[in-house]
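Okay, structure first, notes after.
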Amino acid sequence: MTTLFAPPVSMNERATHYCPGCTHGVIHRLVGETIDELGIAERTVGIAPVGCSVLIYNYYNIDFQEAPHGRAPALATGAKRARPDLMVFTYQGDGDLASIGTNEIVHAANRGEKITTVFVNNAIYGMTGGQMAPTSMPGQVTTTSPRGRDPALAGFPMRMCELLSTLRTPAYIVRASVHTPQLAVQTKQAIRRAFQLQMENRCFSFVEVLSTCPTNWGIPPVKALRWLQDNMLPYYPLGVFKDPDQQERADRQVPTPWRDNDAK
Amino acid sequence: MTTLFAPPVSMNERATHYCPGCTHGVIHRLVGETIDELGIAERTVGIAPVGCSVLIYNYYNIDFQEAPHGRAPALATGAKRARPDLMVFTYQGDGDLASIGTNEIVHAANRGEKITTVFVNNAIYGMTGGQMAPTSMPGQVTTTSPRGRDPALAGFPMRMCELLSTLRTPAYIVRASVHTPQLAVQTKQAIRRAFQLQMENRCFSFVEVLSTCPTNWGIPPVKALRWLQDNMLPYYPLGVFKDPDQQERADRQVPTPWRDNDAK
Amino acid sequence: MPSIQVDRDRCKGCELCNDACPQGILGMSKQINIKGYFYAEVIDPGRCIGCMLCAVMCPDLAIAVHGTAVQYRLYDYFQPEQR
Amino acid sequence: MPSIQVDRDRCKGCELCNDACPQGILGMSKQINIKGYFYAEVIDPGRCIGCMLCAVMCPDLAIAVHGTAVQYRLYDYFQPEQR
Amino acid sequence: MQNEVMFAGFGGQGIMLIGQMLAYAGMGEGKNVVWIPSYGPEMRGGTAYCTVVVSDKDIGSPIIDRPESIAVLNRPSLDKFHTRVRGNGLLIINTSLIDATTDRSDIDVLNVPANQIAMEAGTGKAANMCVLGAYVGRTKAVTLESLRGLVRYQFKSKPQFIDVNLRVLEKGYELGEQLATKNN
Amino acid sequence: MQNEVMFAGFGGQGIMLIGQMLAYAGMGEGKNVVWIPSYGPEMRGGTAYCTVVVSDKDIGSPIIDRPESIAVLNRPSLDKFHTRVRGNGLLIINTSLIDATTDRSDIDVLNVPANQIAMEAGTGKAANMCVLGAYVGRTKAVTLESLRGLVRYQFKSKPQFIDVNLRVLEKGYELGEQLATKNN
Amino acid sequence: MAKKLMKGNEAIGEAAIQAGCRNYFAYPITPQSEVAEYLSRRMPEVQGHFVQAESELGAANMVFGAAATGELVFTTSSSPGVSLMSETISYIAGAQLPAVFVNIVRGGPGLGGILPAQSDYFQATKGGGHGDYRLLVLAPATVQEAVDLTMLAFQLAFKYRNPVMILGDGMIGQMMEPVEFKPPPPAADLPSVETWATTGAKGRKCNIAHSLFLDPEALEKNNHVLAAKYKVWQKDEIRFATYNLDNNPRLLIVAYGTMARICSTAIDELKQKGVEVGLIRPITLYPFPAAAILQHAKKIGKVISVEMSMGQMVEDVQAAVGHDIHVGFFGRAGGIIPSPDEVVQALEAELRA
Amino acid sequence: MAKKLMKGNEAIGEAAIQAGCRNYFAYPITPQSEVAEYLSRRMPEVQGHFVQAESELGAANMVFGAAATGELVFTTSSSPGVSLMSETISYIAGAQLPAVFVNIVRGGPGLGGILPAQSDYFQATKGGGHGDYRLLVLAPATVQEAVDLTMLAFQLAFKYRNPVMILGDGMIGQMMEPVEFKPPPPAADLPSVETWATTGAKGRKCNIAHSLFLDPEALEKNNHVLAAKYKVWQKDEIRFATYNLDNNPRLLIVAYGTMARICSTAIDELKQKGVEVGLIRPITLYPFPAAAILQHAKKIGKVISVEMSMGQMVEDVQAAVGHDIHVGFFGRAGGIIPSPDEVVQALEAELRA
Ligand SMILES: Cc1ncc(C[n+]2csc(CCOP(=O)(O)OP(=O)(O)O)c2C)c(N)n1
Ligand SMILES: Cc1ncc(C[n+]2csc(CCOP(=O)(O)OP(=O)(O)O)c2C)c(N)n1
Ligand code: SF4
Ligand code: SF4
Ligand code: SF4
Ligand code: SF4
Ligand code: SF4
Ligand code: SF4
Ligand SMILES: [Mg+2]
Ligand SMILES: [Mg+2]
């Protein structure tokens with residue numbers, strides 16, 4: 001009789017402060033397992049965001065830095081440039097990364113910083129009590145979109161993988177989800193590859209994970225998984241958007257111009 | 001005998017402060033002509049950037065606001081929301097828009113603000129004396145990339161049209177150039193359509209114009225046109241990247257995911 | 001025989017494990033734990049196949065799975081590189 | 001007969017007009033203007049076709065073009081909607 | 001006259017609501033009132049509480065460090081707050097969910113089986129009304145009539161809940177008036 | 001002893017360079033020096049200038065509002081700066097490019113056809129050296145020898161330019177020493 | 001108008017609407033997100049505009065753009081968010097535009113905490129941004145005063161064409177008190193914006209909203225124009241309240257906002273014990289009521305500054321009274337609100353000292 | 001080491017390298033872009049790192065990330081750019097990390113101008129960011145001093161685990177003077193970073209660089225830790241220079257940076273006329289040499305603050321000397337550098353007053 005499944009050793013015993021059924025916890029574990037498997041706990045530095053996961057550093061046995069809201073990629077850049085031997089990853093929410101921090105993530109990706117980003121997209125500002133995020137779905141009721149998000153006034157949800165994939169600099173960019181065990185396992189594989197690419201000093205890596213916020217969606221945990229599947233998945237397709245092995249394919253995805261004859 | 005070509009009436013007599021042969025001046029005129037032709041001078045508000053064109057307001061007979069570096073799209077949002085009857089356009093350089101101001105332009109575009117952006121990409125920070133811009137070409141020598149831009153350290157140049165075109169919110173996004181008279185005429189048409197779409201209250205519009213900086217490139221004006229053609233055009237293809245009439249085509253350009261079966 | 005162990009005082013009663021279990025052998029206790037939640041518990045331990053889906057979905061590290069090493073597993077959870 | 005007029009004191013001597021003129025009838029003066037630039041001037045006015053390419057490229061609003069209204073034009077500069 | 005009370009429990013027990021009802025009632029009676037929520041880190045998962053001051057005079061400090069009355073609706077609140085009741089003050093304990101008490105002998109303790117009473121009346125959700133009733137029954141900080149009006153207003157859109165809530169409120173009020181306090 | 005000079009002209013005339021050479025020379029001779037560029041709005045297109053102070057003592061104010069010497073290399077600089085020469089000071093005018101002069105009668109004026117001299121020596125680009133030479137020839141702010149060394153250092157990588165620049169520098173120095181000043 | 005029981009944050013939102021403001025741009029942050037939540041419902045009802053900005057930088061610059069059109073506009077935030085607005089506030093001051101900024105302060109520095117504090121006093125009164133500019137800073141102590149000062153803020157912003165800041169601690173935003181919305185002065189009373197608002201250059205010369213003056217003489221002139229306004233404030237805009245100054249107090253407290261209310265309770269408690277203490281409560285933190293403080297300090301002889309910070313205003317109080325009178329300090333930081341009892345003890349200690 | 005003639009901006013860059021700093025992140029802005037231009041060449045030569053950040057926010061936060069690993073790191077900017085760093089500086093102070101910020105000040109507010117000014121004094125010394133924190137602010141007057149203070153700044157930043165700011169006016173950045181690079185104290189002299197640097201939790205418990213303290217008691221404790229450092233500064237770190245104080249001056253000037261040098265020339269000119277004036281030049285603007293100023297002010301009786309601003313430090317000078325001694329002010333703003341003659345006139349006027 002052996003233990004088939006136990007908490008990662010890079011994580012500690014502390015119970016999280018997350019609401020019941022919040023999939024932040026699942027994603028935390030996947031990151032912890034990856035760090036275990038790669039054996040990098042002693043040279044890893046995490047960058048915490050401002051968002052529900054601001055206290056992420058309470059749950060790991062690794063060093064952490066706490067960034068101002070949205071700036072984790074800049075801290076990661078500073079840390080990684082100063083100490084290229086460290087493994088540096090950021091963990092950011094959608095308000096943090098896709099709203100206030102858009103500039104920092106775009107430019108860290110464009111410079112090709114050798115860092116890993118775990119981007120938890122739960123289509124809402126969890127920590128501050130459920131305001132609309134740039135990633136909130138059309139019609140989604142939030143505390144700042146009481147009549148539902150109106151794309152005519154607030155635009156459509158931002159798709160960060162699609163946006164970052166247009167950058168020419170090689171990168172690994174993938175969208176995953178944890179609303180079924182199968183997908184959680186795939187998410188883990190994506191996170192693992194993201195860390196591995198950093199270990200190989202190859203490129204910037206970015207794993208978006210669709211996640212639930214039962215509390216601020218006002219939907220019980222299990223139903224929240226279904227809501228994610230029914231509402232978010234069709235708009236946020238899963239998949240590898242960019243891979244350094246397939247840089248050429250990525251390049252081809254750049255829309256073609258109208259007048260090729262001017263281009264030479 | 002009639003006058004076939006004369007300065008736009010929405011512009012004044014003042015000589016610009018631009019260096020000889022700097023195509024900022026050409027683009028200014030195209031904007032002025034558009035304002036003339038649409039007859040909107042009396043209800044147009046321009047937003048000046050920080051960059052060589054910060055003094056743009058000296059050359060027009062229209063109202064202007066001067067934004068902090070990079071924030072023109074936010075000022076435009078505020079002005080247009082407060083006064084939807086005004087025609088609001090921004091004029092921004094590549095340092096302004098594609099570096100410090102990336103967040104503001106991405107989110108103004110994503111919200112679908114009914115504003116028009118003229119984005120002058122000269123692959124350098126002109127005003128501050130020729131530092132590297134996010135749009136500078138690989139190998140380009142600038143005062144902060146004395147050995148030429150190294151994509152391994154600074155990434156590849158940012159392509160803003162491509163980036164903004166991934167957003168789902170309808171928009172008109174086009175890249176043009178003024179290094180030949182033919183293309184200058186096309187640029188004018190693009191600017192005109194961009195303003196017209198705003199007049200019709202239809203969508204956000206964005207015209208990137210490739211431009212020269214003879215002074216900081218260290219290349220005489222005519223040769224600078226050739227340099228643009230030889231070096232920038234292959235990387236910055238011209239064309240309409242997104243058009244509200246062709247929203248569906250734009251949607252198709254979103255890269256496809258790996259696992260469609262999970263998407264429903 | 002595979003089995004799982006729910007750390008009842010870590011559990012927040014979210015029922016994600018319950019939802020994930022292909023054998024339908026998890027249920028919620030009528031008791032509350034120290035945190036005040038109705039925690040998860042195994043109703044029919046004999047039918048557990050050690051698939052670990054419950055543990056994979058638990059956000060709170062509240063589930064450990066035991067079994068023999070040759071246990072059949074639905075996903076190559078720990079050896080992605082072998083796929 | 002079409003003709004152009006260079007506002008010599010607006011000119012900054014960049015030569016973009018010169019480069020653009022299909023007739024090759026523009027050149028740079030040997031004199032400097034008040035700004036200190038060698039300004040553009042028409043060398044062979046008779047051959048001007050009024051195509052306006054010089055004016056289209058001038059960054060400094062230094063060129064005006066005159067002609068008859070039926071003048072042949074290379075680009076529909078002022079009527080984009082008619083294309 | 002100044003009445004100060006803290007209501008404490010966990011999120012979802014309707015703590016904030018009864019505090020606001022009390023404040024509204026006080027305002028309706030022409031008094032000065034202030035309601036203060038806890039919005040601290042404890043909000044998520046932990047205890048939630050609010051304090052209400054109802055006063056004839058201008059209210060100086062809106063913050064009451066040691067209120068004269070505290071009502072605790074769950075165990076963590078009891079543990080955390082019982083020491084904060086002012087000397088000679090009142091502690092209301094929801095005995096339905098709390099099987100402990102305080103060791104303080106300098107205060108009055110009013111044991112109210114709020115969930116049980118609410119359950120008996122038809123809905124466990126109204127336990128908060130019972131506590132509110134008990135507090136007002138004991139202190140007469142506002143009139144019962146004011147509270148009745150607020151219940152009706154509060155459930156305007158769900159009239160089926162008016163009666164049960166009124167019943168629980170009134171029952172609580174009676175308990176507050178009648179129950180002997182245990183001064184341990 | 002403190003020497004203060006401003007060199008003014010348009011961008012590309014090598015104004016900044018001769019200022020720096022003077023400062024280097026002073027430093028090499030063990031003096032205190034400070035060089036200040038114009039980096040104001042006038043930089044683009046307009047006039048460029050720099051000021052240099054060479055002094056035996058610690059230099060207090062690095063900014064010299066009214067320098068004792070000013071050398072103007074183009075017309076706008078003359079117009080802009082001639083009034084700023086300190087009383088009894090020196091104004092050096094590059095007569096090759098400037099067909100005007102000052103109406104001040106309280107200063108010395110040294111007319112130097114700098115571009116012409118440089119052209120005669122072989123390159124119009126060395127006009128700045130002529131002006132530098134003239135200034136030092138007149139004021140002896142530093143030694144000619146120091147400047148010679150700096151010319152050699154400056155054109156280390158383009159040795160073909162050393163001789164012509166030295167010739168122009170020396171010619172300027174002679175003019176500075178010899179030419180009568182017109183005190184209008 | 002009848003009184004309503006409202007949360008400070010919501011009351012501020014409603015006050016802006018009552019003042020005629022139809023433009024609000026903001027980014028959520030505790031403890032003031034309720035303003036955005038309230039106005040996301042309320043603005044559409046009055047044909048107003050609310051945009052949830054992408055960041056505080058975005059929000060502040062939307063305010064800039066709207067303000068430049070001559071419309072009433074405001075934003076709200078809390079400490080870290082306000083720091084992000086520093087550059088823009090400096091621009092708005094330089095361009096002389098009217099705008100209202102609300103800072104519902106929380107404990108700092110850095111991410112700090114989310115509980116009430118007064119530790120942004122320096123930032124607000126000495127200028128978080130660069131350059132020679134000032135904000136007119138108003139500090140409410142009750143929800144009613146938050147309403148009144150919000151309405152006043154728009155008036156002052158337009159009167160002086162300068163950003164006005166409301167500095168409230170987290171408590172002001174979170175607590176509920178009865179409020180009444182007095183009808184604001186008619187919008188027509190706002191000074192004309194014709195000479196500066198960018199509304200389209202129709203029948204007039206162009207209006208340019210700018211803070212760049214490349215010519216240093218011109219920039220200095222702009223600085224003098226600003227300085228002249230700030231001088232007028234010293235004369236016309238100083239506001240403060242007093243408490244128990246008529247009973248020959250033995251100690252003068254200077255405190256503002258929530259802290260001043262707690263002090264008033266402490267004063268009442270001390271009165272019970274037969275000890276008289278007085279209070280000056282600055283309502284304008286800038287311009288600061290230095291003369292009033294000096295006048296009373298001279299009479300009373302003993303002064304203490306009580307703050308929810310490590311001691312910031314105390315420097316202004318000391319400067320106001322000079323070296324002859326010592327100014328004591330009592331403060332709690334990090335989001336801790338001192339209780340009246342604690343203040344009583346501090347005052348007693350100061351009286352003994 | 002032989003003297004080199006260097007521009008202030010480049011000298012600051014070289015000084016950082018000599019001090020052992022291998023990490024520089026910055027965004028261009030006049031009048032200090034030469035630091036980035038210089039280090040873009042120089043850093044690779046010493047295996048150092050330079051990233052041109054996407055913005056000042058990016059630069060400041062890269063500094064944050066690198067500082068948290070215990071490495072020497074700095075950034076440079078000018079006024080508007082420094083305003084954008086306010087939030088981050090507050091975070092770095094809250095998290096107690098060593099970092100050096102250089103502000104080569106230009107005229108403001110807003111976009112202002114690009115010429116030298118001293119109008120960010122308040123921002124630097126009172127805290128541009130939110131919360132109860134302070135910067136140690138050093139103000140060089142010569143290029144040599146810019147070098148020395150840059151090297152010192154790293155030492156102090158590590159000694160106190162606090163951001164240190166170099167406040168130079170545009171002139172300090174732009175002018176060339178001979179400089180000498182004295183060998184810095186060996187890197188080993190820097191205090192150990194073991195207890196706090198995030199370098200991988202190998203064989204020790206985790207280091208967390210954070211400024212969030214959700215428990216207000218903990219946040220207040222952090223505030224007290226910071227305050228304790230600032231108190232030590234008042235004792236140990238005050239630096240200033242004097243000029244002509246020994247000749248019984250009739251007027252005491254307080255001035256810093258370039259302005260102080262101009263004043264020293266003015267003093268020389270007045271001496272020629274037989275008028276003695278003395279100068280105190282604060283080198284640390286925070287902690288401020290208040291005691292020294294008071295001591296001399298008492299002897300001399302007349303004080304004037306001379307600044308390239310509309311008058312900011314003058315408030316600290318007045319606070320330092322109390323009400324009995326009037327403090328005059330002379331300043332030019334907007335990028336105008338007063339000439340020694342102008343200062344002479346101002347001093348004479350003050351002497352007559
Ligand atoms: C500068 C700044 N602005 C705003 C905030 C308030 N704030 C904290 S977390 C957050 C959003 C969190 O949402 P998200 O990033 O999606 O994370 P989640 O909580 O949903 O995981 C906001 C706006 C802040 N702390 N700092
Ligand atoms: C906050 C801030 N950071 C930096 C600057 C300095 N700055 C002025 S213009 C500019 C870049 C201009 O480049 P670009 O936008 O490409 O315009 P161009 O001059 O090339 O037309 C910079 C960095 C500033 N004014 N404000
Ligand atoms: S608020 Fe939402 S995101 Fe935050 S812990 Fe709760 S469920 Fe998770
Ligand atoms: S510096 Fe470059 S962009 Fe600026 S005016 Fe000159 S040529 Fe144009
Ligand atoms: S291991 Fe599999 S079968 Fe056993 S309880 Fe968990 S999910 Fe059910
Ligand atoms: S998934 Fe975990 S926390 Fe949720 S009910 Fe199951 S054991 Fe409890
Ligand atoms: S109008 Fe045409 S032909 Fe005439 S000068 Fe201009 S470019 Fe040449
Ligand atoms: S294009 Fe215009 S500015 Fe350039 S040379 Fe011709 S006329 Fe002169
Ligand atoms: Mg989120
Ligand atoms: Mg550019």
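Identifiers in the structure tokens: chain A, B, ... in order shown; residue index from 1 per chain; ligand index from 1 in order shown.
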
(Q) Show me, as a PyMOL selection string, every residue of chain B with an atom at most 12 Å from chain H, counting only C-alpha atoms. (A) chain B and resi 48-51+54-55+66-71+94-103+124-135+141-150+152-155+158

Q. Got a sec to pull out which chain C residues are within 12 Å of chain E, counting only C-alpha atoms, and send them as number ranges by chain?
A. C: 12, 32, 34-37

Kindly assemble as a tab-separated table a list of the chain A residues that lie within 6 Å of ligand 3, each paired with its nearest atom pair and their distance in Å to one decimal, using only C-alpha atoms and all ligand atoms, sorted first by chain and then by ascending residue number.
```
residue	atom	partner	partner_atom_place_in_ligand_line	distance
A:Tyr18	CA	ligand 3	5 (S)	3.8
A:Cys19	CA	ligand 3	6 (Fe)	4.1
A:Cys22	CA	ligand 3	8 (Fe)	4.3
A:Cys52	CA	ligand 3	4 (Fe)	4.6
A:Gly126	CA	ligand 3	1 (S)	4.1
A:Met127	CA	ligand 3	4 (Fe)	5.2
A:Cys213	CA	ligand 3	2 (Fe)	3.6
A:Pro214	CA	ligand 3	7 (S)	4.8
A:Thr215	CA	ligand 3	7 (S)	4.6
A:Asn216	CA	ligand 3	2 (Fe)	5.5
```

Store the residues picked out above, limited to N, CA and C atoms, as a compact mmCIF listing (two decimals), in the first residue's frame.
```txt
# COMPACT_ATOMS: atom_id res chain seq x y z
N TYR A 18 -8.99 30.65 0.70
CA TYR A 18 -9.94 30.74 -0.41
C TYR A 18 -11.31 30.24 -0.01
N CYS A 19 -12.31 30.74 -0.71
CA CYS A 19 -13.68 30.31 -0.46
C CYS A 19 -13.81 28.84 -0.82
N CYS A 22 -13.26 27.24 -4.56
CA CYS A 22 -12.54 28.16 -5.45
C CYS A 22 -11.38 27.40 -6.07
N CYS A 52 -7.15 37.82 -5.04
CA CYS A 52 -7.40 36.83 -3.99
C CYS A 52 -6.15 36.02 -3.67
N GLY A 126 -12.14 39.02 -7.94
CA GLY A 126 -12.57 38.29 -6.75
C GLY A 126 -12.33 39.07 -5.48
N MET A 127 -11.10 39.48 -5.29
CA MET A 127 -10.71 40.02 -3.98
C MET A 127 -11.52 41.24 -3.55
N CYS A 213 -15.10 31.46 -9.55
CA CYS A 213 -15.23 32.30 -8.36
C CYS A 213 -16.65 32.12 -7.84
N PRO A 214 -16.90 30.98 -7.19
CA PRO A 214 -18.26 30.71 -6.73
C PRO A 214 -18.85 31.89 -5.95
N THR A 215 -18.05 32.48 -5.10
CA THR A 215 -18.55 33.54 -4.23
C THR A 215 -19.08 34.72 -5.02
N ASN A 216 -18.27 35.25 -5.91
CA ASN A 216 -18.69 36.47 -6.58
C ASN A 216 -19.53 36.22 -7.82
```

Report as a tab-separated table (two decimals) with N, CA, C and O atoms, in the first residue's frame all protein, DNA and RNA residues lying within 10 Å of D:Cys48, evaluated on only C-alpha atoms, omitting residues in the same chain fewer than 6 positions from it.
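out-v7.tsv, freshly written:
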```
chain	number	residue	atom	x	y	z
D	1	MET	N	-1.48	76.15	-68.12
D	1	MET	CA	-0.29	75.35	-67.84
D	1	MET	C	-0.10	75.20	-66.32
D	1	MET	O	-0.09	76.18	-65.59
D	2	PRO	N	-0.01	73.98	-65.85
D	2	PRO	CA	0.14	73.77	-64.40
D	2	PRO	C	1.46	74.35	-63.90
D	2	PRO	O	2.45	74.40	-64.65
D	3	SER	N	1.46	74.71	-62.65
D	3	SER	CA	2.71	75.22	-62.07
D	3	SER	C	2.68	75.02	-60.56
D	3	SER	O	1.61	74.88	-59.97
D	4	ILE	N	3.84	75.02	-59.99
D	4	ILE	CA	3.89	74.94	-58.53
D	4	ILE	C	4.60	76.16	-58.00
D	4	ILE	O	5.31	76.88	-58.72
D	21	CYS	N	9.07	64.09	-57.65
D	21	CYS	CA	8.61	64.66	-58.92
D	21	CYS	C	8.90	63.72	-60.09
D	21	CYS	O	10.07	63.42	-60.38
D	22	PRO	N	7.85	63.26	-60.77
D	22	PRO	CA	8.07	62.32	-61.87
D	22	PRO	C	8.75	63.00	-63.06
D	22	PRO	O	9.33	62.33	-63.91
D	23	GLN	N	8.66	64.32	-63.11
D	23	GLN	CA	9.23	65.05	-64.23
D	23	GLN	C	10.67	65.49	-63.95
D	23	GLN	O	11.34	66.04	-64.84
D	24	GLY	N	11.10	65.30	-62.73
D	24	GLY	CA	12.46	65.67	-62.39
D	24	GLY	C	12.76	67.14	-62.60
D	24	GLY	O	13.84	67.52	-63.04
D	25	ILE	N	11.81	67.98	-62.29
D	25	ILE	CA	12.00	69.40	-62.58
D	25	ILE	C	12.28	70.23	-61.34
D	25	ILE	O	12.32	71.44	-61.39
D	26	LEU	N	12.48	69.54	-60.21
D	26	LEU	CA	12.79	70.29	-58.99
D	26	LEU	C	14.27	70.13	-58.65
D	26	LEU	O	14.87	69.09	-58.92
D	42	VAL	N	11.97	75.28	-58.69
D	42	VAL	CA	11.65	74.64	-59.96
D	42	VAL	C	12.74	74.99	-60.97
D	42	VAL	O	13.03	76.16	-61.20
D	65	VAL	N	0.08	74.03	-55.64
D	65	VAL	CA	0.03	73.63	-57.05
D	65	VAL	C	-1.14	74.32	-57.72
D	65	VAL	O	-2.26	74.33	-57.18
D	67	GLY	N	-3.28	74.95	-61.50
D	67	GLY	CA	-3.50	74.34	-62.80
D	67	GLY	C	-4.94	74.54	-63.20
D	67	GLY	O	-5.70	75.24	-62.52
```

Q | Within 12 Å of chain F: residues of chain G, using only C-alpha atoms, as an NGL selection string | A | :G and (212-216)

Based on the selection just made, write N, CA and C atoms of those residues as a short mmCIF file (atom, residue, chain, number, x, y, z; two decimals), in the first residue's frame.
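Listed below is the output, part_27.cif:
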```cif
data_model
loop_
_atom_site.label_atom_id
_atom_site.label_comp_id
_atom_site.auth_asym_id
_atom_site.auth_seq_id
_atom_site.Cartn_x
_atom_site.Cartn_y
_atom_site.Cartn_z
N LEU G 212 2.67 71.97 -20.85
CA LEU G 212 4.02 72.17 -21.37
C LEU G 212 4.24 73.63 -21.69
N PHE G 213 5.35 74.15 -21.20
CA PHE G 213 5.76 75.51 -21.54
C PHE G 213 7.26 75.42 -21.80
N LEU G 214 7.63 75.27 -23.07
CA LEU G 214 9.04 75.02 -23.35
C LEU G 214 9.90 76.21 -22.98
N ASP G 215 9.34 77.38 -23.11
CA ASP G 215 10.07 78.57 -22.72
C ASP G 215 10.02 78.70 -21.20
N PRO G 216 11.17 78.68 -20.56
CA PRO G 216 11.15 78.70 -19.09
C PRO G 216 10.47 79.94 -18.51
#
```

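Across the model, the gap from atom CA of B:Thr23 to atom CA of B:Ser136 is 16.9 Å.
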
Q.
Residues within 12 Å of G:Lys221, please, as a PyMOL selection string. Count only C-alpha atoms; anything in the same chain fewer than 3 positions from it doesn't count.
A. (chain G and resi 94+132+211-218+224-228) or (chain H and resi 107-108+112+310+332-336)

Write the selection just made, keeping C-alpha atoms, as a PDB file, in the first residue's frame?
```
ATOM      1  CA  GLY G  94      -0.481  72.473 -14.451  1.00  0.00           C
ATOM      2  CA  ASP G 132       5.133  73.388  -7.875  1.00  0.00           C
ATOM      3  CA  SER G 211       0.975  71.993 -19.110  1.00  0.00           C
ATOM      4  CA  LEU G 212       4.022  72.167 -21.365  1.00  0.00           C
ATOM      5  CA  PHE G 213       5.764  75.507 -21.539  1.00  0.00           C
ATOM      6  CA  LEU G 214       9.045  75.020 -23.346  1.00  0.00           C
ATOM      7  CA  ASP G 215      10.068  78.574 -22.721  1.00  0.00           C
ATOM      8  CA  PRO G 216      11.151  78.704 -19.090  1.00  0.00           C
ATOM      9  CA  GLU G 217       9.861  82.249 -18.724  1.00  0.00           C
ATOM     10  CA  ALA G 218       6.434  81.047 -19.768  1.00  0.00           C
ATOM     11  CA  HIS G 224       3.141  82.275 -10.670  1.00  0.00           C
ATOM     12  CA  VAL G 225      -0.449  82.010 -11.857  1.00  0.00           C
ATOM     13  CA  LEU G 226      -0.818  78.851  -9.808  1.00  0.00           C
ATOM     14  CA  ALA G 227       0.925  80.368  -6.804  1.00  0.00           C
ATOM     15  CA  ALA G 228      -1.431  83.334  -6.923  1.00  0.00           C
TER      16      ALA G 228
ATOM     17  CA  GLY H 107      10.479  72.196 -14.252  1.00  0.00           C
ATOM     18  CA  GLY H 108       6.858  71.276 -13.522  1.00  0.00           C
ATOM     19  CA  GLY H 112       6.346  71.497 -17.654  1.00  0.00           C
ATOM     20  CA  MET H 310       8.305  78.500  -5.957  1.00  0.00           C
ATOM     21  CA  ARG H 332      13.082  81.166  -9.745  1.00  0.00           C
ATOM     22  CA  ALA H 333      10.909  78.488 -11.233  1.00  0.00           C
ATOM     23  CA  GLY H 334      10.106  76.759 -14.464  1.00  0.00           C
ATOM     24  CA  GLY H 335      13.658  75.865 -15.387  1.00  0.00           C
ATOM     25  CA  ILE H 336      15.170  79.276 -14.876  1.00  0.00           C
TER      26      ILE H 336
END
```

**Q.** alpha helix (DSSP H) call set, DSSP backbone run, stretch 27-197 of chain A, as JSON, numbers by chain
**A.** {"A": [27, 28, 29, 30, 31, 32, 33, 34, 35, 36, 37, 38, 72, 73, 74, 75, 76, 77, 78, 79, 80, 81, 82, 94, 95, 102, 103, 104, 105, 106, 107, 108, 109, 110, 111, 151, 152, 153, 154, 160, 161, 162, 163, 164, 165, 181, 182, 183, 184, 185, 186, 187, 188, 189, 190, 191, 192, 193, 194, 195, 196, 197]}

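Using only C-alpha atoms and all ligand atoms for every distance, the candidate list G:Met85, G:Cys21, G:Ile114, G:Ala349 yields G:Met85 as the residue closest to ligand 2.
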
Q) B:Thr180: which residues within 12 Å, counting only C-alpha atoms, same-chain residues fewer than 2 positions away excluded, as an MDAnalysis selection string? A) (chainID A and resid 262) or (chainID B and resid 23 26 176:178 182:187 210:212 222 224:226 228:229) or (chainID D and resid 16:17 19:22 53:58)

Q: With only C-alpha atoms and all ligand atoms counted, collect every polymer residue having an atom within 8 Å of ligand 8; state the result as a ChimeraX atom specification.
A: /B:20-21 /D:6-8,10-18,28,39-41,54-55,57-63
